[in-house]
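Trainee: My questions will all concern the structure given below.
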Amino acid sequence: MRLRYLPWRRVKSWRCTACGECCSRYAVPLSAGEYARLVSRFGDWVVRLKLGRPYLRRVSGRCVFLSGRLCSLQGSLKPYACRIFPFLVRDREKKPRKEAEFWYGQSCFYVYLSPGCGEVRLGTPERWFVEQVIPEAIELHLNRSMPLRWLTSQAAPLPPEHYAGVGDDAPVVPRYVSAVSVLEQLSSGGTPLLRRRNRRRDGTVAAG
Ligand code: SF4
Ligand code: SF4
């Protein structure tokens, strides 16, 4: 059954926890350039053709690049379909939906999220989601090779309001940090925060 995409105005927030569900559930279509880059780097066993269209190969119902719950294909080699998921961004629509309209700069885009990701939370959109996450999805739509901060598993801390009521203001890395993302940040001069919250028995939280 095809899931209907949700207009962004119905979504409270979203973040990727690297659960790996989308990598098992969906076939990943490739552009001609992505197909060529992957074949030249890994060989043609990592791709397949279906009705003449290229996709990533799946093995035992999972993407061939899925390692545990994490993607082993990062940076510019990661297909656009994976980088943009669960977002869908359009420049125009035949029947424009007000709920999906998002003005960015001088242009109007139509932004949706797939309910196929369990981290898509319904409700009134949170400010950081509107100001940080959706604009990055639009930027990625306009420039497919840009580096990502929000549209990936979080090696960077989420804004404080995301953790409201958790216990303190220390920046946190969510549980499933992609080691590859951390290495990427290190090699690009960034400083990944490796602190993790450990809840003590008395309910307080310590950085570990
Ligand atoms: S996008 Fe959603 S379904 Fe895919 S790995 Fe991230 S949290 Fe899981
Ligand atoms: S390339 Fe990575 S993100 Fe995309 S489906 Fe495969 S494992 Fe998941």
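Quick note on naming: the chains in the structure tokens go A, B, ... in the order shown, residues restart at 1 in each chain, and ligands are numbered from 1 in order of appearance.
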Tell me which protein, DNA and RNA residues are within 10 Å of A:Tyr104, counting only C-alpha atoms, leaving out same-chain ones fewer than 6 positions away, and put them as a count of residues only.
Mentor: 4
Trainee: Could I get the residue neighbourhood of ligand 2 at 10 Å, counting only C-alpha atoms and all ligand atoms, as a ChimeraX atom specification?
Mentor: /A:18-29,55-58,62-74,77-85,152-153
Trainee: Just the residues within 12 Å of A:Arg37, please, counting only C-alpha atoms, with nothing from its chain fewer than 5 positions along; format it as a list in words.
Mentor: Leu30, Ser31, Ala32, Phe42, Gly43, Asp44, Val46, Val47, Ser76, Leu77, Lys78 and Pro79 of chain A
Trainee: Would you mind reading off the distance between atom CA of A:Arg92 and atom CA of A:Gly75, one decimal, in Å?
Mentor: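 Those two atoms sit 28.3 Å apart.
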Trainee: With distances taken over only C-alpha atoms and all ligand atoms, which residue among A:Trp128, A:Pro86, A:Phe109, A:His141 lies nearest ligand 1?
Mentor: A:Pro86
Trainee: Rank A:Glu126, A:Glu101, A:Glu93, A:Glu119 by their smallest atom-to-atom distance to ligand 1, using only C-alpha atoms and all ligand atoms, and report the top residue only.
Mentor: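 Smallest separation from ligand 1 among the options: A:Glu119.
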Trainee: I'd like the neighbourhood of A:Phe129 as number ranges by chain, where a residue qualifies if any of its atoms comes within 8 Å (using only C-alpha atoms), though same-chain residues fewer than 5 positions away should be ignored.
Mentor: A: 12-14, 134
Trainee: Please save C-alpha atoms of the selected residues as a short mmCIF file (atom, residue, chain, number, x, y, z; two decimals), in the first residue's frame.
Mentor:
```cif
data_model
loop_
_atom_site.label_atom_id
_atom_site.label_comp_id
_atom_site.auth_asym_id
_atom_site.auth_seq_id
_atom_site.Cartn_x
_atom_site.Cartn_y
_atom_site.Cartn_z
CA LYS A 12 5.53 18.60 14.85
CA SER A 13 9.09 17.45 14.34
CA TRP A 14 11.33 14.82 12.88
CA ILE A 134 12.77 22.14 6.53
#
```
Trainee: Between A:Cys117, A:Val39, A:Val59, A:Leu148, which residue has the minimum interatomic distance to ligand 1, considering only C-alpha atoms and all ligand atoms?
Mentor: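 Among A:Cys117, A:Val39, A:Val59, A:Leu148, it is A:Cys117 that comes nearest to ligand 1.
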Trainee: Using atom CA of A:Leu142 and atom CA of A:Leu51 as the two end points, give the distance in Å to one decimal.
Mentor: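 Value for the atom CA of A:Leu142-atom CA of A:Leu51 distance: 27.8 Å.
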Trainee: Measuring atom to atom with only C-alpha atoms and all ligand atoms, identify which of A:Arg53, A:Arg15, A:Arg10, A:Arg127 is nearest to ligand 1.
Mentor: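 Looking only at the distances to ligand 1, the closest residue turns out to be A:Arg15.
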Trainee: Given the choices A:Val89, A:Leu6, A:Leu140, A:Leu113, which gets closest to ligand 1 if the distance is worked out from only C-alpha atoms and all ligand atoms?
Mentor: A:Leu113
Trainee: By how many Å are atom CA of A:Pro7 and atom CA of A:Pro115 apart?
Mentor: 10.4 Å
